[in-house]
Amino acid sequence: MQSLGRVVRRFYVTKPPLLPRTLAESALPPHAAKARDASTPMAVRERRQKKPPELIPPPDSDLTPTEYSTYMRQLAKGQLRQKDGRQLTEAEWLDALNEKRSRLRGVKVQEKKTGGMETRVLGHKIYLPNVIFKMVRNYTPRDQPYNPYEATFRIPQSITKTDVRSYLSTAYGVKTTYIRTANYISPLRRTRVGLRPVGSHRTYKRAVVGLVDPFYYPQDLEDMDNAERKQREKWLEERFALKAITRWRRYEMVRMSQSGSKSKYWRLTGHLRRDKILEAIARRRAITARDLEQVQMELADRRASGEPILREKRVRARPAKSQQPSRALTV
């Protein structure tokens, strides 16, 4: 009977209360809400379609069906009442929820015995993590604008959602709202004979992260006009010295190739400069022109002496196949 009473009470508190909805300004920008809905997994969408109509949020709400059910349940139980007697609006409650989602895991703020607050680390501190987060552009359908409230990363398979949230918050100060992960398993590579697999290639994990603040990529050089492109290249050269780095890398590759070569005939051709390349091209053209001139003079001498220039090609007669019986090779 007690278990039946718990089921009834649970069913009662999960029913939407007959209270007026408190609306406020939207907590999520339109692009952020669109990115969140577009990145929802298919299984979650199918589960939401099976919910009763009273648990589905209205069109003007920024909450998902799960967040809407939680908000209405807490509103009915009186857990959202402030000290001044005012109830939290949907936007305020969603902001507090996103702030909780963006918190740094493994850290707790507590009060000291002597007074004041202190930050205590619950786990082990990690210095200089040896993980690589590769940021790539979001998948954008054709004729659709790029969404700045979403970021896509390629991460190792051992990284979890909590690790992604803590890494972005600690290293870059980026606040996140949601994280979707998916594993890409590449096909196995096989041996030449194809008998057994020898391993996979380019297997990675994708993390789609919802951002609180939008992130805009800098404009590409191809999309700029001449003045902006020159100004951008000048700024890059002053900050990073790209031309000098490219030149040093090229000469370093030549030096390493010369020192690591086992052949005694290896020599530096000097074709790394534009003037040397043009000089080599002119030399080859001169050799080609000289060869053509010699051929023309030879043909002119043959015509003057009456010697035929083109000779008929003789067809050799193929010998008849012998009628000897074939012999089988036995081992």
# chains A, B, ... in the order shown; residues from 1 in each chain; ligands from 1
>>> residues_around(residues="Val136 in chain A", least_positions_apart="5", cutoff="8 Å", atoms="only C-alpha atoms", output="ChimeraX atom specification")
/A:151-154
>>> write_last_selection(atoms="C-alpha atoms", output="PDB file, in the first residue's frame")
ATOM      1  CA  ALA A 151      31.150  24.420 -32.494  1.00  0.00           C
ATOM      2  CA  THR A 152      32.384  21.034 -33.728  1.00  0.00           C
ATOM      3  CA  PHE A 153      35.533  19.326 -32.465  1.00  0.00           C
ATOM      4  CA  ARG A 154      37.346  16.102 -33.285  1.00  0.00           C
TER       5      ARG A 154
END
>>> residues_around(residues="Lys34 in chain A", least_positions_apart="6", cutoff="12 Å", atoms="only C-alpha atoms", output="PyMOL selection string")
chain A and resi 28+40+62-64+144-150+210
>>> closest_residue(among="A:Pro141, A:Pro129, A:Pro65, A:Pro29", to="Val164 in chain A", atoms="only C-alpha atoms")
A:Pro129
>>> residues_around(residues="range 104-116 of chain A", least_positions_apart="6", cutoff="12 Å", atoms="only C-alpha atoms", output="ChimeraX atom specification")
/A:122-126,161-171,173-176
>>> closest_residue(among="A:Pro41, A:Ala280, A:Pro218, A:Ala91", to="Arg232 in chain A", atoms="only C-alpha atoms")
A:Pro218
>>> select_by_dssp(residues="range 85-134 of chain A", states="helix (DSSP H, G or I)", output="VMD selection string")
chain A and resid 90 to 101
>>> write_last_selection(atoms="N, CA, C and O atoms", output="short mmCIF file (atom, residue, chain, number, x, y, z; two decimals), in the first residue's frame")
data_model
loop_
_atom_site.label_atom_id
_atom_site.label_comp_id
_atom_site.auth_asym_id
_atom_site.auth_seq_id
_atom_site.Cartn_x
_atom_site.Cartn_y
_atom_site.Cartn_z
N GLU A 90 10.66 31.29 -17.04
CA GLU A 90 11.32 30.25 -17.84
C GLU A 90 12.71 30.69 -18.27
O GLU A 90 13.67 29.90 -18.24
N ALA A 91 12.86 31.95 -18.66
CA ALA A 91 14.16 32.44 -19.10
C ALA A 91 15.15 32.45 -17.94
O ALA A 91 16.31 32.03 -18.10
N GLU A 92 14.74 32.90 -16.76
CA GLU A 92 15.63 32.91 -15.60
C GLU A 92 16.00 31.49 -15.18
O GLU A 92 17.15 31.20 -14.83
N TRP A 93 15.02 30.60 -15.21
CA TRP A 93 15.31 29.21 -14.83
C TRP A 93 16.25 28.55 -15.84
O TRP A 93 17.15 27.79 -15.46
N LEU A 94 16.09 28.85 -17.14
CA LEU A 94 16.96 28.28 -18.15
C LEU A 94 18.37 28.85 -18.04
O LEU A 94 19.37 28.13 -18.24
N ASP A 95 18.50 30.14 -17.72
CA ASP A 95 19.83 30.72 -17.50
C ASP A 95 20.54 30.05 -16.33
O ASP A 95 21.74 29.75 -16.41
N ALA A 96 19.80 29.81 -15.25
CA ALA A 96 20.41 29.13 -14.09
C ALA A 96 20.79 27.69 -14.44
O ALA A 96 21.84 27.19 -14.00
N LEU A 97 19.97 27.03 -15.25
CA LEU A 97 20.29 25.66 -15.66
C LEU A 97 21.53 25.62 -16.55
O LEU A 97 22.40 24.75 -16.38
N ASN A 98 21.64 26.55 -17.50
CA ASN A 98 22.83 26.60 -18.35
C ASN A 98 24.08 26.96 -17.56
O ASN A 98 25.18 26.48 -17.85
N GLU A 99 23.92 27.80 -16.56
CA GLU A 99 25.06 28.13 -15.70
C GLU A 99 25.51 26.91 -14.91
O GLU A 99 26.71 26.67 -14.72
N LYS A 100 24.56 26.10 -14.49
CA LYS A 100 24.92 24.86 -13.78
C LYS A 100 25.57 23.87 -14.72
O LYS A 100 26.52 23.15 -14.35
N ARG A 101 25.10 23.81 -15.95
CA ARG A 101 25.71 22.90 -16.92
C ARG A 101 27.14 23.32 -17.26
O ARG A 101 27.98 22.48 -17.59
#
>>> atom_distance(atom1="CA of Gln49 in chain A", atom2="CA of Ala35 in chain A")
19.1 Å
>>> atom_distance(atom1="CA of Leu211 in chain A", atom2="CA of Ala33 in chain A")
10.6 Å
>>> closest_residue(among="A:Gln87, A:Asn130, A:Thr177, A:Gln219", to="Leu75 in chain A", atoms="only C-alpha atoms")
A:Gln87
